[in-house]
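Asks: Dropping in target-v5.txt, with compact mmCIF, C-alpha atoms.
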```
# COMPACT_ATOMS: atom_id res chain seq x y z
CA MET A 165 15.59 83.26 -41.28
CA ALA A 166 14.88 82.58 -44.94
CA TYR A 167 12.77 84.97 -46.99
CA ARG A 168 10.42 83.45 -49.49
CA TYR A 169 8.83 84.57 -52.70
CA PRO A 170 5.04 84.20 -53.01
CA ASN A 171 5.64 80.91 -54.83
CA GLY A 172 7.51 79.57 -51.82
CA LYS A 173 11.05 79.65 -53.26
CA VAL A 174 13.65 80.80 -50.77
CA TYR A 175 15.20 84.15 -51.59
CA ARG A 176 19.00 84.02 -51.63
CA PRO A 177 20.64 87.42 -51.76
CA ASN A 178 23.23 87.78 -54.48
CA LYS A 179 26.32 89.58 -53.20
CA ASN A 180 26.94 91.21 -56.54
CA THR A 181 23.46 92.66 -56.71
CA PRO A 182 22.62 95.72 -54.62
CA SER A 183 19.67 94.92 -52.41
CA ARG A 184 17.45 97.64 -53.88
CA GLN A 185 17.70 96.22 -57.38
CA SER A 186 15.36 93.68 -58.88
CA PRO A 187 15.81 90.09 -57.77
CA PRO A 188 18.65 88.18 -59.43
CA ALA A 189 17.97 86.17 -62.55
CA GLU A 190 16.74 82.63 -62.12
CA LYS A 191 20.04 80.96 -62.88
CA SER A 192 21.65 82.53 -59.82
CA PHE A 193 19.38 80.57 -57.45
CA ALA A 194 21.02 77.51 -56.02
CA ASN A 195 19.08 74.40 -57.04
CA ARG A 196 16.43 76.49 -58.75
CA GLY A 197 14.48 74.39 -61.19
CA MET A 198 16.14 71.19 -60.03
CA THR A 199 13.55 68.50 -59.70
CA LEU A 200 13.70 65.82 -57.04
CA GLU A 201 14.60 63.35 -59.77
CA GLU A 202 17.52 65.49 -60.91
CA ASP A 203 18.75 65.86 -57.33
CA ILE A 204 18.60 62.09 -56.83
CA ASN A 205 20.29 61.28 -60.12
CA GLU A 206 23.10 63.74 -59.39
CA SER A 207 23.51 62.26 -55.91
CA ASN A 208 23.56 58.72 -57.33
CA ASP A 209 26.33 59.71 -59.74
CA TYR A 210 28.24 61.07 -56.77
CA TYR A 211 27.74 57.88 -54.75
CA ILE A 212 28.74 55.61 -57.65
CA ALA A 213 31.88 57.59 -58.48
CA ARG A 214 33.05 57.27 -54.86
CA ASP A 215 31.85 53.69 -54.21
CA ILE A 216 29.54 54.94 -51.46
CA GLY A 217 26.52 53.10 -52.83
CA ILE A 218 25.31 51.75 -56.18
CA ILE A 219 21.80 53.05 -56.79
CA HIS A 220 20.30 53.46 -60.25
CA LYS A 221 17.02 54.74 -61.60
CA LYS A 222 15.30 52.09 -63.66
CA PRO A 223 14.60 52.95 -67.29
CA THR A 224 11.05 54.03 -68.14
CA PRO A 225 9.16 50.89 -69.17
CA VAL A 226 8.09 51.08 -72.79
CA GLN A 227 6.06 48.65 -74.90
CA ILE A 228 7.80 48.59 -78.25
CA VAL A 229 5.45 47.88 -81.17
CA ASP A 230 7.40 48.78 -84.29
CA VAL A 231 11.08 49.24 -85.09
CA HIS A 232 12.67 50.30 -88.37
CA TYR A 233 16.18 49.17 -89.27
CA PRO A 234 17.54 51.69 -91.75
CA LYS A 235 20.79 50.81 -93.51
CA ARG A 236 23.89 52.41 -92.06
CA SER A 237 22.13 54.01 -89.10
CA ALA A 238 20.73 53.08 -85.71
CA ALA A 239 17.52 51.10 -85.28
CA ARG A 240 14.65 53.52 -84.89
CA ILE A 241 11.60 52.78 -82.75
CA THR A 242 8.62 54.22 -84.61
CA GLU A 243 5.76 53.04 -82.44
CA ALA A 244 5.84 52.46 -78.69
CA TYR A 245 3.73 53.15 -75.62
CA PHE A 246 4.41 53.89 -71.98
CA LYS A 247 3.76 50.96 -69.64
CA GLN A 248 2.98 51.11 -65.95
CA ALA A 249 6.02 50.19 -63.87
CA SER A 250 5.79 47.00 -61.85
CA THR A 251 8.28 48.20 -59.27
CA THR A 252 9.57 51.41 -57.75
CA ASP A 253 11.89 53.62 -59.79
CA TYR A 254 15.11 53.28 -57.80
CA ASN A 255 17.03 50.37 -56.35
CA GLY A 256 20.51 49.22 -55.59
CA VAL A 257 22.94 48.24 -52.87
CA PHE A 258 24.48 50.20 -50.02
CA ALA A 259 26.89 48.66 -47.50
CA GLY A 260 25.53 45.18 -48.11
CA ARG A 261 21.88 46.15 -47.82
CA TYR A 262 19.32 46.18 -50.60
CA ILE A 263 17.82 49.67 -51.09
CA ASP A 264 14.52 50.31 -52.85
CA PHE A 265 12.51 53.50 -53.12
CA GLU A 266 10.11 55.68 -55.05
CA ALA A 267 10.39 59.49 -55.20
CA LYS A 268 7.67 62.07 -55.76
CA GLU A 269 7.14 65.76 -55.26
CA THR A 270 4.03 67.86 -54.72
CA ARG A 271 3.12 71.54 -54.75
CA ASN A 272 0.49 70.87 -52.11
CA LYS A 273 1.25 72.47 -48.71
CA THR A 274 -0.81 70.54 -46.20
CA ALA A 275 -0.74 66.94 -47.41
CA PHE A 276 1.08 64.66 -49.82
CA PRO A 277 -1.41 63.25 -52.36
CA LEU A 278 -0.88 59.58 -53.17
CA GLN A 279 -2.69 59.30 -56.49
CA ASN A 280 0.62 59.09 -58.37
CA PHE A 281 1.58 55.93 -56.52
CA HIS A 282 -0.05 52.74 -57.66
CA ASP A 283 -0.84 49.35 -56.20
CA HIS A 284 2.02 47.51 -57.93
CA GLN A 285 4.51 49.81 -56.29
CA ALA A 286 2.95 49.49 -52.84
CA GLU A 287 2.90 45.72 -53.15
CA HIS A 288 6.49 45.72 -54.35
CA MET A 289 7.67 47.72 -51.33
CA HIS A 290 5.86 45.36 -49.01
CA LYS A 291 7.54 42.37 -50.64
CA VAL A 292 10.94 44.01 -50.44
CA GLN A 293 10.48 44.48 -46.71
CA LYS A 294 9.60 40.80 -46.31
CA GLN A 295 12.97 39.97 -47.91
CA ASP A 296 14.70 42.19 -45.34
CA GLY A 297 15.38 44.90 -47.90
CA ILE A 298 15.21 48.60 -47.03
CA ALA A 299 12.17 50.25 -48.64
CA PHE A 300 11.03 53.84 -48.34
CA VAL A 301 9.70 56.82 -50.26
CA LEU A 302 11.33 60.20 -50.79
CA LEU A 303 8.64 62.89 -50.64
CA ARG A 304 9.31 66.52 -51.46
CA PHE A 305 7.08 69.45 -50.65
CA THR A 306 8.36 71.91 -53.24
CA VAL A 307 6.59 74.88 -51.66
CA HIS A 308 8.11 74.19 -48.25
CA GLY A 309 11.43 73.26 -49.85
CA GLU A 310 11.54 70.07 -47.77
CA THR A 311 12.33 66.47 -48.67
CA TYR A 312 11.51 63.59 -46.34
CA LEU A 313 12.61 59.99 -46.21
CA TYR A 314 9.53 58.09 -45.05
CA ASP A 315 9.68 54.41 -44.24
CA ALA A 316 7.61 52.02 -46.37
CA SER A 317 5.78 50.57 -43.35
CA ARG A 318 4.21 53.90 -42.42
CA PHE A 319 3.69 54.75 -46.07
CA LEU A 320 1.80 51.51 -46.66
CA HIS A 321 -0.31 52.17 -43.57
CA TRP A 322 -1.53 55.43 -45.15
CA TYR A 323 -1.69 54.00 -48.65
CA TYR A 324 -3.92 51.08 -47.73
CA GLY A 325 -5.70 52.79 -44.83
CA GLN A 326 -7.68 55.24 -46.92
CA SER A 327 -10.28 54.17 -49.40
CA LYS A 328 -10.19 57.25 -51.66
CA ARG A 329 -8.59 60.69 -52.00
CA LYS A 330 -5.51 59.24 -50.40
CA SER A 331 -2.94 61.56 -48.93
CA ILE A 332 -0.46 61.81 -46.06
CA PRO A 333 -0.80 64.91 -43.85
CA TYR A 334 2.17 67.26 -43.79
CA LYS A 335 2.18 67.00 -39.99
CA GLU A 336 2.58 63.22 -40.13
CA LEU A 337 5.68 63.67 -42.31
CA GLN A 338 7.08 66.34 -40.00
CA GLU A 339 6.64 63.97 -37.06
CA HIS A 340 7.61 60.62 -38.55
CA GLY A 341 9.49 61.45 -41.72
CA HIS A 342 13.23 62.07 -41.74
CA PRO A 343 14.15 65.41 -43.33
CA ILE A 344 17.02 65.34 -45.83
CA PRO A 345 18.85 68.66 -46.09
CA LEU A 346 19.82 69.97 -49.51
CA GLY A 347 23.56 70.18 -49.99
CA LEU A 348 26.08 70.69 -52.73
CA HIS A 349 28.05 67.42 -52.94
CA PRO A 350 25.90 65.43 -53.15
CA ARG A 351 22.85 67.56 -53.62
CA LEU A 352 20.57 65.27 -51.65
CA ASP A 353 22.55 63.03 -49.31
CA TYR A 354 19.73 60.56 -48.71
CA LEU A 355 22.12 57.64 -48.06
CA LYS A 356 23.35 59.45 -44.97
CA THR A 357 19.73 59.53 -43.79
CA VAL A 358 19.34 55.85 -44.71
CA LYS A 359 22.35 55.10 -42.56
CA ASP A 360 21.00 57.08 -39.60
CA VAL A 361 17.57 55.48 -39.84
CA TYR A 362 18.29 51.85 -40.76
CA PHE A 363 21.82 51.00 -39.65
CA HIS A 364 22.25 50.49 -35.93
CA MET B 63 21.47 8.30 -71.71
CA ALA B 64 19.94 11.10 -73.75
CA TYR B 65 19.91 10.90 -77.55
CA ARG B 66 20.54 14.10 -79.39
CA TYR B 67 19.69 15.50 -82.77
CA PRO B 68 22.54 16.83 -84.88
CA ASN B 69 21.64 20.32 -83.62
CA GLY B 70 22.23 19.18 -80.07
CA LYS B 71 18.59 19.10 -78.87
CA VAL B 72 17.80 16.12 -76.70
CA TYR B 73 15.47 13.60 -78.28
CA ARG B 74 12.46 12.78 -76.08
CA PRO B 75 10.41 9.85 -77.30
CA ASN B 76 6.70 10.57 -77.60
CA LYS B 77 4.66 7.66 -76.27
CA ASN B 78 1.88 8.27 -78.77
CA THR B 79 4.22 8.09 -81.72
CA PRO B 80 5.44 4.69 -82.91
CA SER B 81 9.21 4.69 -82.89
CA ARG B 82 9.54 4.04 -86.63
CA GLN B 83 7.59 7.17 -87.54
CA SER B 84 9.11 10.57 -88.11
CA PRO B 85 10.26 12.50 -85.03
CA PRO B 86 7.54 14.24 -83.02
CA ALA B 87 6.60 17.80 -83.84
CA GLU B 88 8.54 20.61 -82.20
CA LYS B 89 5.84 21.53 -79.71
CA SER B 90 6.15 18.18 -77.94
CA PHE B 91 9.67 19.00 -76.70
CA ALA B 92 9.80 20.18 -73.12
CA ASN B 93 11.17 23.75 -72.93
CA ARG B 94 11.77 23.78 -76.63
CA GLY B 95 12.19 27.31 -77.87
CA MET B 96 12.32 28.76 -74.38
CA THR B 97 15.09 31.28 -74.21
CA LEU B 98 17.21 31.82 -71.13
CA GLU B 99 15.42 35.14 -70.65
CA GLU B 100 12.04 33.43 -70.71
CA ASP B 101 13.21 30.82 -68.23
CA ILE B 102 14.49 33.51 -65.88
CA ASN B 103 11.37 35.67 -66.16
CA GLU B 104 9.12 32.69 -65.47
CA SER B 105 11.27 31.74 -62.47
CA ASN B 106 11.18 35.32 -61.17
CA ASP B 107 7.37 35.31 -61.36
CA TYR B 108 7.44 32.07 -59.36
CA TYR B 109 9.77 33.53 -56.73
CA ILE B 110 7.77 36.76 -56.40
CA ALA B 111 4.43 34.97 -56.07
CA ARG B 112 5.83 32.86 -53.21
CA ASP B 113 7.94 35.56 -51.53
CA ILE B 114 11.10 33.55 -52.16
CA GLY B 115 12.96 36.46 -53.69
CA ILE B 116 12.14 39.72 -55.47
CA ILE B 117 14.13 39.86 -58.69
CA HIS B 118 13.06 41.87 -61.73
CA LYS B 119 14.44 42.39 -65.20
CA LYS B 120 15.07 46.06 -65.83
CA PRO B 121 13.20 47.66 -68.73
CA THR B 122 15.12 48.11 -71.97
CA PRO B 123 16.65 51.59 -71.88
CA VAL B 124 15.21 53.77 -74.60
CA GLN B 125 16.01 57.34 -75.58
CA ILE B 126 12.65 58.94 -76.31
CA VAL B 127 12.81 61.70 -78.91
CA ASP B 128 9.22 62.37 -79.93
CA VAL B 129 5.84 61.62 -78.40
CA HIS B 130 2.39 62.31 -79.80
CA TYR B 131 -0.57 62.91 -77.51
CA PRO B 132 -3.70 62.08 -79.45
CA LYS B 133 -7.03 63.03 -77.91
CA ARG B 134 -8.86 60.21 -76.15
CA SER B 135 -6.07 57.67 -76.54
CA ALA B 136 -2.73 56.77 -75.03
CA ALA B 137 0.40 58.80 -75.63
CA ARG B 138 2.29 57.34 -78.57
CA ILE B 139 6.06 57.37 -78.83
CA THR B 140 6.86 58.00 -82.50
CA GLU B 141 10.63 58.33 -82.38
CA ALA B 142 12.98 56.61 -79.98
CA TYR B 143 16.31 54.77 -79.99
CA PHE B 144 17.85 51.95 -78.02
CA LYS B 145 20.42 53.03 -75.47
CA GLN B 146 23.24 50.97 -74.03
CA ALA B 147 22.42 49.78 -70.52
CA SER B 148 24.57 51.20 -67.73
CA THR B 149 23.98 48.18 -65.49
CA THR B 150 23.20 44.49 -65.72
CA ASP B 151 19.69 43.39 -66.70
CA TYR B 152 18.54 41.78 -63.45
CA ASN B 153 18.63 42.79 -59.83
CA GLY B 154 16.70 42.47 -56.61
CA VAL B 155 16.75 41.11 -53.09
CA PHE B 156 16.90 37.57 -51.73
CA ALA B 157 16.94 36.81 -48.02
CA GLY B 158 18.40 40.19 -47.15
CA ARG B 159 21.12 40.09 -49.80
CA TYR B 160 21.35 42.26 -52.88
CA ILE B 161 21.40 40.14 -56.06
CA ASP B 162 22.69 41.39 -59.42
CA PHE B 163 23.33 39.50 -62.63
CA GLU B 164 23.47 39.45 -66.39
CA ALA B 165 22.30 36.49 -68.50
CA LYS B 166 23.43 35.40 -71.95
CA GLU B 167 23.30 32.34 -74.14
CA THR B 168 25.51 31.08 -76.94
CA ARG B 169 25.34 28.42 -79.62
CA ASN B 170 29.10 28.02 -79.41
CA LYS B 171 30.23 24.63 -78.01
CA THR B 172 33.75 25.18 -76.79
CA ALA B 173 33.79 28.68 -75.33
CA PHE B 174 31.47 31.44 -74.23
CA PRO B 175 32.12 34.58 -76.32
CA LEU B 176 32.06 37.80 -74.32
CA GLN B 177 31.46 40.36 -77.07
CA ASN B 178 27.87 40.84 -75.94
CA PHE B 179 28.97 42.04 -72.53
CA HIS B 180 30.25 45.57 -72.30
CA ASP B 181 32.51 47.56 -70.04
CA HIS B 182 29.71 49.34 -68.18
CA GLN B 183 28.29 46.03 -67.09
CA ALA B 184 31.64 44.66 -65.98
CA GLU B 185 32.37 47.79 -64.02
CA HIS B 186 28.90 47.69 -62.48
CA MET B 187 29.40 44.10 -61.26
CA HIS B 188 32.73 45.03 -59.74
CA LYS B 189 31.14 47.95 -57.89
CA VAL B 190 28.31 45.76 -56.64
CA GLN B 191 30.82 43.34 -55.17
CA LYS B 192 32.58 46.19 -53.37
CA GLN B 193 29.22 47.01 -51.71
CA ASP B 194 28.98 43.40 -50.54
CA GLY B 195 26.29 42.59 -53.06
CA ILE B 196 26.10 39.22 -54.84
CA ALA B 197 27.05 39.55 -58.51
CA PHE B 198 27.29 36.82 -61.14
CA VAL B 199 26.45 35.89 -64.70
CA LEU B 200 24.11 33.17 -65.94
CA LEU B 201 25.63 31.59 -69.04
CA ARG B 202 23.78 29.06 -71.18
CA PHE B 203 25.31 26.80 -73.79
CA THR B 204 22.20 26.07 -75.84
CA VAL B 205 23.84 23.22 -77.74
CA HIS B 206 24.91 21.45 -74.56
CA GLY B 207 21.61 22.35 -72.88
CA GLU B 208 23.54 23.62 -69.85
CA THR B 209 23.22 26.80 -67.79
CA TYR B 210 25.92 27.91 -65.37
CA LEU B 211 25.98 30.40 -62.54
CA TYR B 212 29.45 31.93 -62.70
CA ASP B 213 30.66 34.32 -60.04
CA ALA B 214 31.49 37.88 -61.08
CA SER B 215 35.05 37.71 -59.71
CA ARG B 216 36.03 34.90 -62.07
CA PHE B 217 34.02 36.45 -64.88
CA LEU B 218 35.84 39.76 -64.49
CA HIS B 219 39.17 37.95 -64.47
CA TRP B 220 38.40 36.58 -67.96
CA TYR B 221 36.70 39.76 -69.14
CA TYR B 222 39.63 42.01 -68.31
CA GLY B 223 42.35 39.41 -68.82
CA GLN B 224 42.03 39.13 -72.58
CA SER B 225 42.75 42.00 -74.90
CA LYS B 226 40.60 40.89 -77.85
CA ARG B 227 38.37 38.04 -79.04
CA LYS B 228 37.35 37.53 -75.45
CA SER B 229 35.75 34.27 -74.40
CA ILE B 230 35.58 31.87 -71.49
CA PRO B 231 36.48 28.24 -72.28
CA TYR B 232 33.72 25.69 -71.78
CA LYS B 233 36.08 23.69 -69.55
CA GLU B 234 36.53 26.65 -67.22
CA LEU B 235 32.77 26.85 -66.77
CA GLN B 236 32.51 23.10 -66.19
CA GLU B 237 35.18 23.35 -63.51
CA HIS B 238 34.30 26.63 -61.79
CA GLY B 239 30.73 27.38 -62.83
CA HIS B 240 27.74 26.05 -60.92
CA PRO B 241 25.33 24.15 -63.15
CA ILE B 242 21.64 24.99 -62.71
CA PRO B 243 19.35 22.12 -63.67
CA LEU B 244 16.22 22.84 -65.70
CA GLY B 245 13.03 22.07 -63.81
CA LEU B 246 9.34 22.70 -64.04
CA HIS B 247 8.47 24.95 -61.10
CA PRO B 248 10.42 27.11 -61.36
CA ARG B 249 11.97 26.38 -64.70
CA LEU B 250 15.42 27.59 -63.69
CA ASP B 251 15.86 27.53 -59.92
CA TYR B 252 18.92 29.77 -59.88
CA LEU B 253 18.17 31.16 -56.40
CA LYS B 254 18.70 27.67 -55.01
CA THR B 255 22.15 27.75 -56.61
CA VAL B 256 22.74 31.25 -55.23
CA LYS B 257 21.92 29.91 -51.79
CA ASP B 258 24.31 26.97 -52.16
CA VAL B 259 27.14 29.13 -53.45
CA TYR B 260 26.85 32.35 -51.44
CA PHE B 261 25.04 31.56 -48.18
CA HIS B 262 27.10 29.71 -45.62
```
Output the file's structure as structure tokens, nothing else.

Replies:
Amino acid sequence: MAYRYPNGKVYRPNKNTPSRQSPPAEKSFANRGMTLEEDINESNDYYIARDIGIIHKKPTPVQIVDVHYPKRSAARITEAYFKQASTTDYNGVFAGRYIDFEAKETRNKTAFPLQNFHDHQAEHMHKVQKQDGIAFVLLRFTVHGETYLYDASRFLHWYYGQSKRKSIPYKELQEHGHPIPLGLHPRLDYLKTVKDVYFH
Amino acid sequence: MAYRYPNGKVYRPNKNTPSRQSPPAEKSFANRGMTLEEDINESNDYYIARDIGIIHKKPTPVQIVDVHYPKRSAARITEAYFKQASTTDYNGVFAGRYIDFEAKETRNKTAFPLQNFHDHQAEHMHKVQKQDGIAFVLLRFTVHGETYLYDASRFLHWYYGQSKRKSIPYKELQEHGHPIPLGLHPRLDYLKTVKDVYFH
């Protein structure tokens, strides 16, 4: 059984630290401070290096307004603004199939709030499915230390089915989401889950 | 037969202009000034609106160094730099297949110079092919007014086969490229060519 700190992080005993001493420093916690995005990016690097799948995070969309071109040095963007993305953040190809997903985490314990998803992304996932692409979301409950792959069809049902204060209950994700265990190489082997769920 | 100006643009007679007068103003030329990128983006909008295919251009990758957060207005990026892309510019899904390509144009008449492609992109296309994705380049000779779909395998042969001053001869593209005619809706129906070339 795992012991947890009040903030929900799992306690991992450090063999070099006698048990009566104070808890080990932060850096000795496996995956401590690793965001879902970092876990995914590290896993994507792993997949690409081994030709398992080619998935990339799209660059942050930026509206560039002004650029300076100093002599003998790189062009410098001096005025730009963040734009809303028209698609999900991640896409690519895995064993001949098109893969498309968005990833978010929450500190909420009982439901996954959807206010950080927007209509463009929902519409995009729906369109991807119509083209026979594989679309899903990766949702992490940081307090529970759990990450779920959740198919776009069910996601869109919840996204469009609620008029305001949208969220997906934790229980729904436990029942119909697919948990992805944290590992070492890769850190988050979500393509294994994709294979189990979508390849028959 | 089309008449051409010395710069290679096709002359289109304007019915309202007597033939002895000076040539019609620039704006009366169909597609005049439309770049390959504009043609592709307009075609992608057309495809997406009709659920023909879901292809997007990736945002320009930017390294953000400094952001200001003024009160009551949008966050403003005040220092950022262009980064080299690690993939091609366009990808998406079409009838269940993963689509991936880069697009470039040249004013050269006899060969397509490859200095604007870089190793990351070539390697990316090769990896996409190993995942059974469809990878190609769209190459436009602006002077000839011709755009070719050219499969990544042949492209990579030329890209890696020359040590310096890399280029692909115009004749090679005439023989082994697939010309994409310019149209109105969409302006550049490259997915029709994809279908002809890759779907059997």

Asks: List every protein, DNA or RNA residue that has at least one atom no more than 10 Å from (4.8, 64.8, -59.5) in the file's coordinates, counting only C-alpha atoms, and write the result as a list of chain:residue names.

Replies: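 The answer, in the requested form, is A:Thr199, A:Leu200, A:Glu201, A:Ala267, A:Lys268, A:Glu269, A:Thr270, A:Arg271, A:Pro277, A:Leu278, A:Gln279, A:Asn280, A:Phe281, A:Leu303, A:Arg304.
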
Asks: Counting all atoms listed in the file, figure out which residue out of B:Ile116, B:Gly154, B:Lys171, B:Ala142 gets nearest to Asp128 of chain B.

Replies: B:Ala142

Asks: Only residues of chain A matter here; which ones have an atom within 8 Å of chain B, counting only C-alpha atoms? Give them as a PyMOL selection string.

Replies: chain A and resi 215-218+222-226+238-246+255-262+291-292+294-297

Asks: Name the residues within 12 Å of (10.8, 23.6, -63.5), counting all atoms listed in the file in the file's coordinates, and put them as an NGL selection string.

Replies: :B and (92-93 or 101-102 or 104-106 or 108 or 242-252)

Asks: Could you please determine the separation between atom CA of Phe265 of chain A and atom CA of Asp315 of chain A in Å, to one decimal place?

Replies: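 These atoms are spaced 9.4 Å apart.
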
Asks: Could you state the separation of atom CA of Ser229 of chain B and atom CA of Phe174 of chain B in Å, given to one decimal place?

Replies: 5.1 Å

Asks: Between atom CA of Ala214 of chain B and atom CA of Met187 of chain B, what distance in Å does the model show, to one decimal?

Replies: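 Computing the Euclidean distance for atom CA of Ala214 of chain B and atom CA of Met187 of chain B yields 6.6 Å.
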
Asks: Which residues come within 12 Å of Asp360 of chain A, counting only C-alpha atoms, excluding same-chain residues fewer than 3 positions away, as an mmCIF file with C-alpha atoms, in the coordinates of the input?

Replies:
```cif
data_model
loop_
_atom_site.group_PDB
_atom_site.id
_atom_site.type_symbol
_atom_site.label_atom_id
_atom_site.label_comp_id
_atom_site.auth_asym_id
_atom_site.auth_seq_id
_atom_site.Cartn_x
_atom_site.Cartn_y
_atom_site.Cartn_z
ATOM 1 C CA LEU A 313 12.610 59.990 -46.210
ATOM 2 C CA HIS A 342 13.230 62.070 -41.740
ATOM 3 C CA PRO A 343 14.150 65.410 -43.330
ATOM 4 C CA ILE A 344 17.020 65.340 -45.830
ATOM 5 C CA ASP A 353 22.550 63.030 -49.310
ATOM 6 C CA TYR A 354 19.730 60.560 -48.710
ATOM 7 C CA LEU A 355 22.120 57.640 -48.060
ATOM 8 C CA LYS A 356 23.350 59.450 -44.970
ATOM 9 C CA THR A 357 19.730 59.530 -43.790
ATOM 10 C CA PHE A 363 21.820 51.000 -39.650
ATOM 11 C CA HIS A 364 22.250 50.490 -35.930
#
```
